[in-house]
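Chemist: Structure file work_26.cif (mmCIF, C-alpha atoms) right here:
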data_protein
#
loop_
_atom_site.label_atom_id
_atom_site.label_comp_id
_atom_site.auth_asym_id
_atom_site.auth_seq_id
_atom_site.Cartn_x
_atom_site.Cartn_y
_atom_site.Cartn_z
CA MET A 16 42.25 -72.26 -3.39
CA LEU A 17 42.32 -74.70 -6.28
CA THR A 18 43.00 -78.34 -5.55
CA VAL A 19 43.32 -80.99 -8.20
CA GLN A 20 43.33 -84.69 -7.41
CA ASN A 21 44.26 -87.61 -9.62
CA LEU A 22 43.22 -86.01 -12.90
CA ALA A 23 43.37 -88.06 -16.09
CA CYS A 24 42.43 -87.16 -19.62
CA LEU A 25 41.46 -89.52 -22.38
CA ARG A 26 41.04 -88.12 -25.89
CA GLY A 27 39.69 -90.72 -28.26
CA ASP A 28 41.54 -93.83 -27.14
CA ARG A 29 44.73 -91.96 -26.26
CA LEU A 30 45.60 -91.31 -22.66
CA LEU A 31 47.05 -87.79 -22.59
CA PHE A 32 47.92 -87.66 -18.92
CA LYS A 33 47.05 -89.28 -15.61
CA ASN A 34 47.66 -88.73 -11.90
CA VAL A 35 47.87 -84.98 -12.24
CA GLU A 36 47.77 -83.46 -8.76
CA PHE A 37 48.53 -80.01 -7.46
CA GLU A 38 47.31 -77.37 -5.07
CA LEU A 39 47.33 -73.69 -5.86
CA ASN A 40 46.99 -71.13 -3.08
CA ALA A 41 46.50 -67.38 -3.14
CA GLY A 42 49.48 -65.73 -4.83
CA GLY A 43 50.53 -68.97 -6.50
CA LEU A 44 51.59 -69.34 -10.10
CA LEU A 45 51.57 -72.67 -11.90
CA TYR A 46 53.38 -73.26 -15.17
CA VAL A 47 52.11 -76.19 -17.18
CA LEU A 48 54.94 -77.45 -19.36
CA GLY A 49 55.12 -80.13 -21.99
CA GLU A 50 55.69 -80.79 -25.65
CA ASN A 51 53.15 -79.98 -28.32
CA GLY A 52 50.28 -82.43 -28.03
CA SER A 53 51.08 -83.47 -24.48
CA GLY A 54 47.68 -82.29 -23.27
CA LYS A 55 48.43 -78.85 -21.83
CA SER A 56 45.42 -77.20 -23.43
CA SER A 57 43.21 -80.15 -22.54
CA LEU A 58 44.30 -79.85 -18.92
CA LEU A 59 43.48 -76.15 -18.84
CA ARG A 60 40.08 -76.76 -20.44
CA MET A 61 39.47 -79.50 -17.92
CA LEU A 62 40.28 -77.14 -15.06
CA CYS A 63 37.67 -74.75 -16.48
CA GLY A 64 35.10 -77.51 -16.66
CA LEU A 65 34.84 -77.43 -20.45
CA ILE A 66 36.06 -81.03 -20.64
CA LEU A 67 34.97 -83.62 -18.11
CA PRO A 68 37.88 -85.51 -16.58
CA GLU A 69 38.18 -89.24 -17.14
CA THR A 70 39.06 -89.69 -13.47
CA GLY A 71 39.80 -87.25 -10.67
CA THR A 72 38.27 -84.08 -9.35
CA VAL A 73 38.88 -80.35 -9.37
CA PHE A 74 38.08 -78.57 -6.10
CA TRP A 75 37.57 -74.85 -5.61
CA ASP A 76 37.70 -73.84 -1.94
CA LYS A 77 37.25 -77.50 -0.96
CA LYS A 78 34.08 -77.97 -3.00
CA THR A 79 34.02 -79.68 -6.38
CA ILE A 80 33.59 -77.27 -9.27
CA LYS A 81 30.38 -79.08 -10.15
CA GLU A 82 28.80 -78.21 -6.78
CA GLU A 83 30.22 -74.72 -6.76
CA THR A 84 29.85 -73.87 -10.48
CA GLU A 85 28.58 -70.31 -10.15
CA GLY A 86 31.08 -69.28 -7.49
CA TYR A 87 33.91 -70.91 -9.39
CA LEU A 88 33.04 -69.44 -12.77
CA SER A 89 32.64 -65.93 -11.37
CA ASN A 90 36.22 -66.21 -10.10
CA LEU A 91 37.58 -67.65 -13.32
CA THR A 92 39.03 -65.89 -16.33
CA TYR A 93 40.02 -68.28 -19.10
CA ILE A 94 41.81 -67.25 -22.25
CA GLY A 95 42.32 -70.11 -24.65
CA HIS A 96 43.76 -70.41 -28.12
CA LEU A 97 40.73 -68.79 -29.66
CA ASN A 98 40.36 -65.08 -29.12
CA GLY A 99 36.58 -64.96 -28.95
CA LEU A 100 36.48 -61.76 -30.99
CA LYS A 101 33.75 -60.90 -33.46
CA ASP A 102 35.15 -59.66 -36.77
CA ASP A 103 32.31 -57.22 -37.29
CA LEU A 104 32.58 -55.53 -33.91
CA THR A 105 35.22 -52.97 -33.01
CA ALA A 106 37.94 -53.79 -30.50
CA LEU A 107 36.19 -51.69 -27.86
CA GLU A 108 32.77 -53.26 -28.53
CA ASN A 109 34.31 -56.71 -28.41
CA LEU A 110 35.94 -56.09 -25.07
CA THR A 111 32.97 -54.33 -23.46
CA MET A 112 30.42 -56.86 -24.65
CA SER A 113 32.44 -59.93 -23.77
CA ALA A 114 32.96 -58.59 -20.25
CA ARG A 115 29.27 -57.75 -19.88
CA ALA A 116 28.17 -61.09 -21.30
CA ALA A 117 30.20 -62.71 -18.54
CA GLY A 118 28.31 -60.66 -15.95
CA ASN A 119 31.05 -58.06 -15.41
CA ASP A 120 29.24 -54.79 -15.99
CA VAL A 121 32.06 -52.52 -17.18
CA SER A 122 31.73 -49.04 -18.60
CA GLU A 123 33.18 -48.12 -21.99
CA ASP A 124 35.73 -45.84 -20.29
CA LYS A 125 37.02 -48.71 -18.22
CA ALA A 126 37.24 -50.94 -21.26
CA PHE A 127 39.12 -48.20 -23.12
CA ALA A 128 41.53 -47.87 -20.20
CA ALA A 129 42.12 -51.62 -20.34
CA LEU A 130 42.94 -51.37 -24.04
CA ALA A 131 45.32 -48.51 -23.26
CA ALA A 132 47.00 -50.58 -20.54
CA ILE A 133 48.07 -53.15 -23.10
CA GLY A 134 48.91 -50.45 -25.62
CA ILE A 135 46.18 -51.06 -28.19
CA GLU A 136 43.96 -48.00 -27.64
CA ARG A 137 44.75 -46.68 -31.15
CA CYS A 138 42.77 -49.58 -32.58
CA ALA A 139 39.81 -49.23 -30.18
CA ASN A 140 37.41 -48.22 -32.92
CA LEU A 141 38.65 -50.50 -35.66
CA PRO A 142 36.71 -53.66 -36.46
CA ALA A 143 38.53 -56.77 -35.24
CA ARG A 144 38.55 -57.98 -38.85
CA VAL A 145 41.37 -55.59 -39.80
CA LEU A 146 43.59 -56.22 -36.77
CA SER A 147 46.74 -58.32 -36.97
CA GLN A 148 47.11 -61.58 -35.06
CA GLY A 149 49.09 -59.91 -32.28
CA GLN A 150 46.69 -56.99 -32.03
CA LYS A 151 43.73 -59.36 -31.75
CA ARG A 152 45.52 -61.24 -29.01
CA ARG A 153 46.10 -57.99 -27.14
CA VAL A 154 42.42 -57.03 -27.37
CA THR A 155 41.57 -60.43 -25.87
CA LEU A 156 44.17 -60.11 -23.14
CA ALA A 157 42.88 -56.64 -22.22
CA LYS A 158 40.12 -58.59 -20.47
CA LEU A 159 42.61 -59.32 -17.71
CA TRP A 160 42.67 -55.64 -16.80
CA LEU A 161 38.88 -55.82 -16.24
CA ALA A 162 38.79 -59.23 -14.56
CA LYS A 163 37.49 -59.37 -11.01
CA GLY A 164 38.04 -63.05 -10.34
CA LYS A 165 40.92 -64.65 -8.50
CA LEU A 166 41.89 -67.42 -10.87
CA TRP A 167 43.36 -66.80 -14.31
CA ILE A 168 43.85 -69.72 -16.64
CA LEU A 169 45.81 -68.64 -19.70
CA ASP A 170 46.75 -70.81 -22.63
CA GLU A 171 49.86 -69.46 -24.36
CA PRO A 172 49.16 -65.85 -23.41
CA PHE A 173 52.51 -64.62 -24.73
CA ALA A 174 52.22 -66.16 -28.19
CA ALA A 175 52.10 -63.59 -31.02
CA LEU A 176 52.82 -60.66 -28.67
CA ASP A 177 55.59 -58.12 -29.22
CA ILE A 178 58.27 -57.54 -26.58
CA ALA A 179 56.64 -54.48 -25.03
CA SER A 180 53.30 -56.26 -24.65
CA VAL A 181 54.96 -59.31 -23.15
CA SER A 182 56.48 -57.19 -20.40
CA ARG A 183 53.18 -55.34 -19.80
CA LEU A 184 51.38 -58.67 -19.45
CA ALA A 185 54.10 -60.11 -17.21
CA ALA A 186 53.86 -57.04 -14.97
CA LYS A 187 50.06 -57.38 -14.84
CA LEU A 188 50.37 -61.04 -13.91
CA GLY A 189 52.84 -60.12 -11.15
CA GLU A 190 50.41 -57.51 -9.85
CA HIS A 191 47.53 -59.99 -9.90
CA LEU A 192 49.56 -62.58 -7.99
CA ALA A 193 50.80 -60.00 -5.46
CA SER A 194 47.20 -59.06 -4.66
CA GLY A 195 46.32 -62.66 -3.80
CA GLY A 196 45.30 -63.93 -7.22
CA MET A 197 46.25 -67.24 -8.78
CA ALA A 198 47.37 -68.02 -12.29
CA ILE A 199 47.88 -71.13 -14.35
CA LEU A 200 49.59 -70.73 -17.68
CA THR A 201 51.27 -72.56 -20.48
CA THR A 202 54.05 -70.92 -22.40
CA HIS A 203 57.02 -71.82 -24.54
CA GLN A 204 58.68 -68.47 -23.92
CA ASP A 205 61.03 -67.56 -21.15
CA VAL A 206 59.21 -64.78 -19.32
CA THR A 207 59.97 -63.67 -15.78
CA ILE A 208 56.90 -63.24 -13.61
CA HIS A 209 57.24 -62.27 -9.98
CA ALA A 210 55.27 -64.47 -7.62
CA GLN A 211 55.45 -65.68 -4.03
CA SER A 212 55.29 -69.29 -5.04
CA ILE A 213 55.96 -70.74 -8.45
CA GLN A 214 55.19 -74.35 -9.27
CA THR A 215 55.73 -76.23 -12.48
CA LEU A 216 53.81 -79.19 -13.75
CA ARG A 217 55.39 -81.18 -16.55
CA LEU A 218 53.12 -83.29 -18.71
CA SER A 219 54.91 -86.05 -20.52
CA GLU A 220 53.79 -89.06 -22.46
CA MET B 4 22.29 -61.61 -14.53
CA SER B 5 19.84 -59.69 -16.72
CA GLY B 6 22.76 -57.54 -17.84
CA ALA B 7 24.49 -60.52 -19.41
CA TRP B 8 21.25 -61.64 -21.05
CA VAL B 9 20.62 -58.23 -22.56
CA THR B 10 24.25 -58.01 -23.74
CA VAL B 11 24.08 -61.34 -25.56
CA LEU B 12 20.85 -60.24 -27.23
CA LYS B 13 22.26 -56.84 -28.15
CA ARG B 14 25.48 -58.31 -29.49
CA ASP B 15 23.65 -60.71 -31.78
CA LEU B 16 21.31 -58.00 -33.05
CA LEU B 17 24.25 -55.67 -33.69
CA LEU B 18 26.09 -58.42 -35.56
CA ALA B 19 23.00 -59.12 -37.64
CA PHE B 20 22.71 -55.41 -38.41
CA ARG B 21 26.34 -55.27 -39.53
CA ARG B 22 25.74 -58.32 -41.73
CA ARG B 23 22.42 -57.31 -43.21
CA SER B 24 22.96 -59.45 -46.30
CA ASP B 25 22.50 -62.60 -44.22
CA VAL B 26 19.08 -61.41 -43.11
CA ALA B 27 18.16 -60.40 -46.65
CA THR B 28 19.01 -63.92 -47.88
CA THR B 29 16.43 -65.45 -45.54
CA LEU B 30 13.75 -63.00 -46.59
CA PHE B 31 14.44 -63.38 -50.30
CA PHE B 32 14.35 -67.14 -49.94
CA PHE B 33 10.91 -66.90 -48.36
CA LEU B 34 9.78 -64.48 -51.06
CA MET B 35 11.12 -66.61 -53.91
CA VAL B 36 9.87 -69.99 -52.71
CA SER B 37 6.38 -68.70 -52.04
CA SER B 38 6.30 -66.86 -55.38
CA LEU B 39 7.30 -69.93 -57.38
CA PHE B 40 4.13 -71.83 -56.54
CA PRO B 41 1.66 -69.47 -58.25
CA LEU B 42 3.95 -69.44 -61.28
CA GLY B 43 4.07 -73.22 -61.44
CA ILE B 44 0.46 -74.00 -60.58
CA GLY B 45 -1.30 -71.26 -62.49
CA PRO B 46 -3.37 -68.23 -61.53
CA GLU B 47 -6.62 -69.99 -60.55
CA PRO B 48 -7.63 -68.12 -57.32
CA ALA B 49 -9.60 -71.03 -55.87
CA VAL B 50 -6.68 -73.43 -56.19
CA LEU B 51 -4.16 -70.88 -54.92
CA SER B 52 -6.10 -69.93 -51.85
CA SER B 53 -6.64 -73.58 -50.97
CA ILE B 54 -2.89 -74.38 -51.06
CA ALA B 55 -1.86 -71.04 -49.52
CA PRO B 56 -1.78 -72.02 -45.83
CA GLY B 57 0.44 -75.05 -46.40
CA VAL B 58 2.74 -73.40 -48.90
CA LEU B 59 3.27 -70.24 -46.85
CA TRP B 60 3.92 -72.17 -43.68
CA VAL B 61 6.38 -74.55 -45.37
CA ALA B 62 8.17 -71.59 -46.97
CA ALA B 63 8.43 -69.80 -43.60
CA LEU B 64 9.70 -72.97 -41.97
CA LEU B 65 12.37 -73.57 -44.62
CA ALA B 66 13.47 -69.93 -44.56
CA GLY B 67 13.95 -70.09 -40.81
CA MET B 68 15.90 -73.31 -41.14
CA LEU B 69 18.23 -71.82 -43.72
CA SER B 70 19.71 -69.50 -41.13
CA LEU B 71 19.84 -72.05 -38.30
CA THR B 72 23.37 -73.26 -38.99
CA ARG B 73 24.58 -69.72 -38.39
CA LEU B 74 23.06 -69.60 -34.91
CA PHE B 75 26.08 -70.99 -33.05
CA ALA B 76 28.61 -71.76 -35.80
CA ALA B 77 30.41 -68.40 -35.76
CA ASP B 78 30.52 -68.35 -31.95
CA PHE B 79 31.92 -71.87 -32.00
CA ALA B 80 34.63 -71.02 -34.53
CA ASP B 81 35.83 -67.79 -32.92
CA GLY B 82 35.74 -68.97 -29.32
CA SER B 83 32.92 -66.80 -27.97
CA LEU B 84 30.87 -69.92 -27.36
CA GLU B 85 33.55 -71.20 -24.97
CA GLN B 86 33.37 -67.91 -23.11
CA MET B 87 29.57 -68.12 -23.00
CA LEU B 88 29.86 -71.56 -21.39
CA LEU B 89 32.23 -70.13 -18.79
CA ALA B 90 29.97 -67.24 -17.86
CA PRO B 91 28.61 -67.57 -14.33
CA GLN B 92 25.08 -67.10 -15.66
CA PRO B 93 23.08 -70.23 -16.47
CA LEU B 94 23.73 -71.27 -20.07
CA THR B 95 20.04 -71.98 -20.63
CA LEU B 96 19.26 -68.29 -20.10
CA LEU B 97 21.97 -67.08 -22.46
CA VAL B 98 20.69 -69.55 -25.04
CA THR B 99 17.23 -67.99 -24.88
CA ALA B 100 18.81 -64.59 -25.62
CA LYS B 101 20.51 -65.98 -28.71
CA VAL B 102 17.34 -67.70 -29.88
CA LEU B 103 15.32 -64.53 -29.35
CA ALA B 104 17.85 -62.62 -31.45
CA HIS B 105 17.56 -65.27 -34.17
CA TRP B 106 13.79 -65.02 -34.12
CA LEU B 107 13.81 -61.21 -34.24
CA VAL B 108 16.18 -61.29 -37.20
CA CYS B 109 14.87 -64.28 -39.17
CA GLY B 110 11.38 -65.05 -37.85
CA LEU B 111 9.74 -61.68 -37.34
CA PRO B 112 10.52 -60.28 -40.83
CA VAL B 113 8.94 -63.38 -42.36
CA VAL B 114 5.84 -62.85 -40.22
CA LEU B 115 5.62 -59.25 -41.40
CA LEU B 116 6.14 -60.16 -45.04
CA ALA B 117 3.64 -63.03 -45.01
CA PRO B 118 0.42 -60.98 -45.50
CA LEU B 119 1.91 -59.46 -48.65
CA ILE B 120 2.58 -62.92 -50.06
CA GLY B 121 -0.85 -64.00 -48.85
CA LEU B 122 -2.45 -61.42 -51.17
CA GLN B 123 -0.68 -63.09 -54.06
CA TYR B 124 -2.57 -66.26 -53.14
CA ALA B 125 -5.94 -64.48 -53.04
CA LEU B 126 -6.35 -65.08 -49.32
CA PRO B 127 -9.34 -63.21 -47.83
CA SER B 128 -8.57 -60.62 -45.20
CA ASP B 129 -9.70 -62.63 -42.17
CA ALA B 130 -7.55 -65.57 -43.28
CA LEU B 131 -4.65 -63.14 -43.67
CA SER B 132 -4.96 -61.98 -40.09
CA VAL B 133 -5.12 -65.58 -38.86
CA LEU B 134 -2.00 -66.26 -40.95
CA ILE B 135 -0.13 -63.47 -39.19
CA ILE B 136 -1.25 -64.59 -35.75
CA SER B 137 -0.41 -68.23 -36.44
CA LEU B 138 3.07 -67.32 -37.68
CA LEU B 139 3.57 -65.01 -34.73
CA LEU B 140 2.67 -67.81 -32.32
CA GLY B 141 4.40 -70.62 -34.20
CA THR B 142 7.71 -69.25 -35.47
CA PRO B 143 9.23 -68.87 -31.97
CA ALA B 144 8.81 -72.63 -31.58
CA LEU B 145 10.65 -73.11 -34.87
CA SER B 146 13.61 -71.05 -33.66
CA LEU B 147 13.66 -72.78 -30.29
CA ILE B 148 13.51 -76.30 -31.68
CA GLY B 149 15.95 -75.40 -34.43
CA ALA B 150 18.48 -74.26 -31.85
CA ILE B 151 18.71 -77.83 -30.54
CA GLY B 152 19.58 -79.08 -34.01
CA ALA B 153 22.07 -76.27 -34.56
CA ALA B 154 23.79 -77.02 -31.26
CA LEU B 155 23.94 -80.77 -31.91
CA THR B 156 25.53 -80.38 -35.35
CA LEU B 157 28.21 -77.87 -34.34
CA GLY B 158 31.55 -78.67 -35.90
CA VAL B 159 30.11 -81.56 -37.89
CA ARG B 160 30.79 -81.82 -41.61
CA GLY B 161 27.75 -81.07 -43.78
CA SER B 162 25.90 -79.68 -40.80
CA GLY B 163 23.40 -77.79 -42.97
CA LEU B 164 21.77 -80.93 -44.28
CA LEU B 165 22.04 -82.71 -40.96
CA VAL B 166 20.17 -79.88 -39.20
CA ALA B 167 17.35 -80.27 -41.71
CA LEU B 168 17.11 -84.01 -41.09
CA LEU B 169 17.13 -83.56 -37.33
CA VAL B 170 14.80 -80.64 -37.07
CA LEU B 171 12.19 -81.06 -39.81
CA PRO B 172 10.40 -84.00 -38.13
CA LEU B 173 10.11 -81.93 -34.97
CA TYR B 174 8.56 -79.09 -36.95
CA ILE B 175 5.63 -81.23 -38.08
CA PRO B 176 3.21 -80.42 -35.22
CA VAL B 177 3.87 -76.70 -35.61
CA LEU B 178 3.23 -76.96 -39.35
CA ILE B 179 0.01 -78.89 -38.89
CA PHE B 180 -1.48 -76.48 -36.34
CA GLY B 181 -0.19 -73.40 -38.16
CA ALA B 182 -1.47 -74.30 -41.59
CA GLY B 183 -4.59 -75.80 -39.97
CA ALA B 184 -5.45 -72.49 -38.31
CA VAL B 185 -5.42 -70.62 -41.61
CA ALA B 186 -7.33 -73.36 -43.41
CA ALA B 187 -9.97 -73.41 -40.67
CA SER B 188 -10.59 -69.69 -40.96
CA GLN B 189 -10.84 -70.05 -44.77
CA HIS B 190 -13.62 -72.55 -44.28
CA GLY B 191 -15.45 -70.23 -41.96
CA MET B 192 -14.56 -72.11 -38.79
CA SER B 193 -12.91 -70.76 -35.70
CA ALA B 194 -9.11 -70.98 -35.68
CA GLN B 195 -9.09 -70.75 -31.88
CA ALA B 196 -8.25 -74.41 -31.21
CA HIS B 197 -5.37 -74.48 -33.66
CA LEU B 198 -3.96 -71.22 -32.37
CA SER B 199 -4.14 -72.40 -28.76
CA LEU B 200 -2.28 -75.58 -29.64
CA LEU B 201 0.28 -73.54 -31.54
CA ALA B 202 0.86 -71.31 -28.53
CA ALA B 203 1.15 -74.44 -26.39
CA CYS B 204 3.85 -75.77 -28.76
CA SER B 205 5.79 -72.54 -28.41
CA LEU B 206 5.50 -72.48 -24.63
CA LEU B 207 6.55 -76.11 -24.35
CA ALA B 208 9.52 -75.40 -26.62
CA LEU B 209 10.42 -72.36 -24.54
CA VAL B 210 10.63 -74.50 -21.42
CA LEU B 211 12.38 -77.56 -22.85
CA ALA B 212 14.41 -76.46 -25.88
CA PRO B 213 16.91 -74.17 -24.08
CA LEU B 214 17.75 -77.00 -21.66
CA ALA B 215 18.38 -79.41 -24.52
CA THR B 216 20.31 -76.78 -26.47
CA ALA B 217 22.55 -75.96 -23.51
CA ALA B 218 23.32 -79.65 -22.97
CA ALA B 219 24.08 -80.10 -26.68
CA LEU B 220 26.39 -77.08 -26.66
CA ARG B 221 28.37 -78.49 -23.76
CA ILE B 222 28.84 -81.75 -25.64
CA SER B 223 29.84 -79.99 -28.85
CA VAL B 224 32.44 -77.80 -27.17
CA GLU B 225 34.04 -80.72 -25.34
#
Translate the structure of the given file into structure tokens.
Modeler:
Amino acid sequence: MLTVQNLACLRGDRLLFKNVEFELNAGGLLYVLGENGSGKSSLLRMLCGLILPETGTVFWDKKTIKEETEGYLSNLTYIGHLNGLKDDLTALENLTMSARAAGNDVSEDKAFAALAAIGIERCANLPARVLSQGQKRRVTLAKLWLAKGKLWILDEPFAALDIASVSRLAAKLGEHLASGGMAILTTHQDVTIHAQSIQTLRLSE
Amino acid sequence: MSGAWVTVLKRDLLLAFRRRSDVATTLFFFLMVSSLFPLGIGPEPAVLSSIAPGVLWVAALLAGMLSLTRLFAADFADGSLEQMLLAPQPLTLLVTAKVLAHWLVCGLPVVLLAPLIGLQYALPSDALSVLIISLLLGTPALSLIGAIGAALTLGVRGSGLLVALLVLPLYIPVLIFGAGAVAASQHGMSAQAHLSLLAACSLLALVLAPLATAAALRISVE
């Protein structure tokens, strides 16, 4: 369970948002909405602990994420704007190594199956350098098929994806939520995801 | 936990292997800088062998520094650094894997090349072996201390020069003990004391530098 109390974010001398509060339980999906520059990405990074909040606290299972760092991070999968792919490694190497570097010891077969699940297995042995923007995004998102944690924080996961991939990802998100996972995402696209409880959080200036 | 550490090390080594030219640049820099001195100063063996310890150590130190900016910059730009920060493993450990990869790629080749350059400076064989040992003990400290500078200057304009300004003063003790060890053996004294101090520098850096680097990385990513 993720609980957020009274969160505020100051970037430079600009207050992006304040008094952000919500509670996310197993099976819950939270959409973070807002215009460009309203602080959606900053909020997601703050929830991950990459940015320290100006005020307020993030709790994971009733403990602050500072006390519970290891337990929280092993449950967290964050996909931000940057893909985290190495141009000189193949798609398969990128996926396998990034999972292993995060302590998730996956086999190459499993990683290949994850690439297949998002329909990018043809590019498994191509260096990331030659992939298109959408293909790179799909290689990054394939991580979700390997993720073991409960909480997914996704920043614009549908951007640059084709229609077929969008529906594959939406189905995967639905599956994750149905099995007791949680997801927080920002998107500007209208995508239907099935979840027991859907909340929206609107950030405005 | 060790799995993640090994993966970070393996990934960096694989990337270095796929970009061999970067490694070659460091080595050629070392080769060129240390070859320029005999050309400029003249072929007098007595003079050359007396300046050899200092020149070789400074060249090794500058060569290692040349590649420092690359240590975290690519990871920072492509987002893998963010993911490294979000790994459940302690960041300090993962940092040591990256620094070890940097040393294996940029430090160790310089150590192996040094005796060859030493011959050019008419260094006697026992001084040559002390040179290798001193570099072997000292260069890890250079990589470790350099990592702090590289982490602090992430995303900063003109970071190359800034790293040099930050890190070079911290390299001074390593340079003094390293060059001192070779000079001592040239004068027929024991290099033991210098080498022990050099090893102490490296051990101290191994304990403290990853902590400082991890803290600096967190600040840079925020």
Chemist: May I ask which of the residues A:Glu171, A:Glu190, A:Glu38, A:Asp177 is the closest one to Ser56 in chain A, counting only C-alpha atoms?
Modeler: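 Of A:Glu171, A:Glu190, A:Glu38, A:Asp177, the one nearest Ser56 in chain A is A:Glu171, counting only C-alpha atoms.
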Chemist: Can you pull out every residue within 8 Å of range 66-82 of chain A, counting only C-alpha atoms, but drop anything in the same chain fewer than 4 positions away, and send it as a ChimeraX atom specification?
Modeler: /A:16-25,57,60-62,87 /B:225
Chemist: Using all atoms listed in the file, determine which residues lie at most 9 Å from Lys151 in chain A, disregarding the query and same-chain residues fewer than 4 positions distant; provide the list as an MDAnalysis selection string.
Modeler: chainID A and resid 98 100 106 143:144 146:147 155:156
Chemist: Would you mind telling me which residue in A:Ala126, A:Ile199, A:Ile168, A:Ala131 lies nearest to chain B when using only C-alpha atoms?
Modeler: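 Of A:Ala126, A:Ile199, A:Ile168, A:Ala131, the one nearest chain B is A:Ile168, counting only C-alpha atoms.
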Chemist: For the structure provided, state which residues fall under the PyMOL selection byres ((chain B and resi 155) around 10), and present them as a count of residues only.
Modeler: 23
Chemist: If the cut-off is 10 Å, can you tell me the residues of chain B near chain A, counting all atoms listed in the file? I'd like them as a PyMOL selection string.
Modeler: chain B and resi 4-14+17-22+77-93+97+221-222+224-225
